[in-house]
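Asks: Below is a structure I'd like to ask you about.
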Amino acid sequence: MMIEALISMARYLSAHKDDDFADRMNYLYTPNMLLAFSVLISFKQFGGRPLECMFPNKFPGSWEQYAENFCWSEDTYYLPPEVHVAQIKESERYSEERKLSYYQWVPFFLLLQAACFRLPSILWKAASLSSGVRVHDIVVKALDSQNMEDECRHRTIIMLANHLARALRFQNQILNRHLFIHKTMRFLNITYSACLISFIYLFTKFLYLVNIFAQLYLMNKFLETDRYQWYGISVIQDLMRGIPWQASGYFPRVSLCDFTVLFFLLIKIFFKLILFRGRKF
């Protein structure tokens, strides 16, 4: 069962025959890469230690575990290396420009990005199948190596021509009925037009383009950055100017976290009991 599931998943993640390299970059390579990154980060985040804090030597192991769990759930903040934490007021340390609250959600955001890249391809596949023209099967049959033989090539051409003729004949029958709704609302006729497949393919290309700009916008919202209008493009521009990405304050290697340690003195309870009983006697 596991092998069959892996085979079916591999087929789903494999390339189609009715597309080009730009399409595969959008629906195959990029989402698979995002999915792999999400899995790798999830292993570290949920199966290991997502962050490791630096403590004084006098801190026991239980305190370290508590502090790391607390800082991971309550967010951290970033300060440049040249700024000492004592120079910043406690009320200003977790300000919007310093607070880091996106680390916990990175795997889920990567999954969302992968789904957004994959969605136009799913729409293209569903719409092309509903049109009656099986573009994928036509391309696969046309690329068959057996077509090198004249007889086989001739038979393939006749079969593909008959398939296209049947699909277009059905569309023409619908249009020839002269239904009232198709006369008044002519935009519905695109469903039965001979250029339907071309329209769907161009619309899918448009969705890929819209998705790219939407991803950049969502990334800005996710990182809550006001410094960069387009985060990825601006980071590349900073690198070209000689400004390292670590200086931006986004995805820093070292961040800070404030927490309060409460001491519960058990011996104080015994002192109170002794004094209370002494007064009673």
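Letters A, B, ... mark the chains of the structure tokens in the order given; residue numbers begin at 1 per chain; ligand numbers begin at 1, in order shown.
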Find the residues around Phe108 (chain A) up to 10 Å (only C-alpha atoms counted), leave out those fewer than 3 positions away in its own chain, and share them as a PyMOL selection string.
Replies: chain A and resi 35+38-39+42+104-105+111-114
Asks: Would you mind listing, for every residue of region 46-164 of chain A within 8 Å of region 196-216 of chain A, the two atoms forming the shortest contact and the distance between them in Å to one decimal, using only C-alpha atoms, sorted by chain and ascending residue number, as JSON lines?
Replies:
{"residue": "A:Gln113", "atom": "CA", "partner": "A:Gln215", "partner_atom": "CA", "distance": 7.1}
{"residue": "A:Cys116", "atom": "CA", "partner": "A:Asn211", "partner_atom": "CA", "distance": 6.9}
{"residue": "A:Phe117", "atom": "CA", "partner": "A:Asn211", "partner_atom": "CA", "distance": 6.9}
{"residue": "A:Pro120", "atom": "CA", "partner": "A:Thr204", "partner_atom": "CA", "distance": 5.8}
{"residue": "A:Ser121", "atom": "CA", "partner": "A:Thr204", "partner_atom": "CA", "distance": 7.3}
{"residue": "A:Leu123", "atom": "CA", "partner": "A:Thr204", "partner_atom": "CA", "distance": 7.7}
{"residue": "A:Trp124", "atom": "CA", "partner": "A:Thr204", "partner_atom": "CA", "distance": 6.2}
{"residue": "A:Ala127", "atom": "CA", "partner": "A:Ile200", "partner_atom": "CA", "distance": 7.2}
{"residue": "A:Ser128", "atom": "CA", "partner": "A:Ile197", "partner_atom": "CA", "distance": 6.4}
{"residue": "A:Ser131", "atom": "CA", "partner": "A:Ile197", "partner_atom": "CA", "distance": 7.3}
{"residue": "A:Val133", "atom": "CA", "partner": "A:Ile197", "partner_atom": "CA", "distance": 7.8}
Asks: Give me, as a PyMOL selection string, all polymer residues having an atom no more than 9 Å from Leu160 (chain A), counting only C-alpha atoms and skipping those fewer than 6 positions away in the same chain.
Replies: chain A and resi 138+141-142
Asks: Any chance you could export the current selection's C-alpha atoms as a PDB file, in the first residue's frame?
Replies:
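Generated output (result.pdb):
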ATOM      1  CA  ILE A 138      -3.233  14.211 -28.038  1.00  0.00           C
ATOM      2  CA  LYS A 141      -0.022  10.182 -28.906  1.00  0.00           C
ATOM      3  CA  ALA A 142       1.621  12.638 -31.290  1.00  0.00           C
TER       4      ALA A 142
END
Asks: Here is a test: counting only C-alpha atoms, which residue of A:Gly47, A:Lys125, A:Glu151, A:Glu74 is nearest to Phe259 (chain A)?
Replies: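 Closest to Phe259 (chain A) of all the choices is A:Glu74.
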Asks: Which value, in Å to one decimal, gives the distance between CA of Tyr217 (chain A) and CA of Met25 (chain A)?
Replies: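 Interatomic distance here is 19.6 Å.
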Asks: Might you pull out every residue within 9 Å of Leu51 (chain A), with only C-alpha atoms counted and same-chain residues fewer than 5 positions away left off, and present them as a list in words?
Replies: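 Near Leu51 (chain A), the qualifying residues are Gln45, Glu68, Asn69, Cys71 and Trp72 of chain A.
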Asks: Looking only at the backbone, which of the residues in region 57-101 of chain A does DSSP tag as strand (DSSP E), as a list in words?
Replies: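 Matching residues for strand (DSSP E) in region 57-101 of chain A are Thr76, Tyr77, Lys99 and Leu100 of chain A.
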Asks: Keeping C-alpha atoms for every residue in the selection just given, could you write it to a file as a CSV table (one decimal), in the first residue's frame?
Replies:
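Saved the output as again36.csv:
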chain,number,residue,atom,x,y,z
A,76,THR,CA,11.5,37.1,20.1
A,77,TYR,CA,12.9,40.5,18.9
A,99,LYS,CA,9.3,41.7,16.9
A,100,LEU,CA,9.9,38.4,15.1
Asks: Nearest residue to Arg253 (chain A) out of A:Tyr78, A:Asp19, A:Gln65, A:Lys44, using only C-alpha atoms?
Replies: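 Of all the options, A:Tyr78 lies closest to Arg253 (chain A).
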Asks: So how far away is CA of Asp75 (chain A) from CA of Phe222 (chain A), in Å?
Replies: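 Distance between the two atoms: 14.5 Å.
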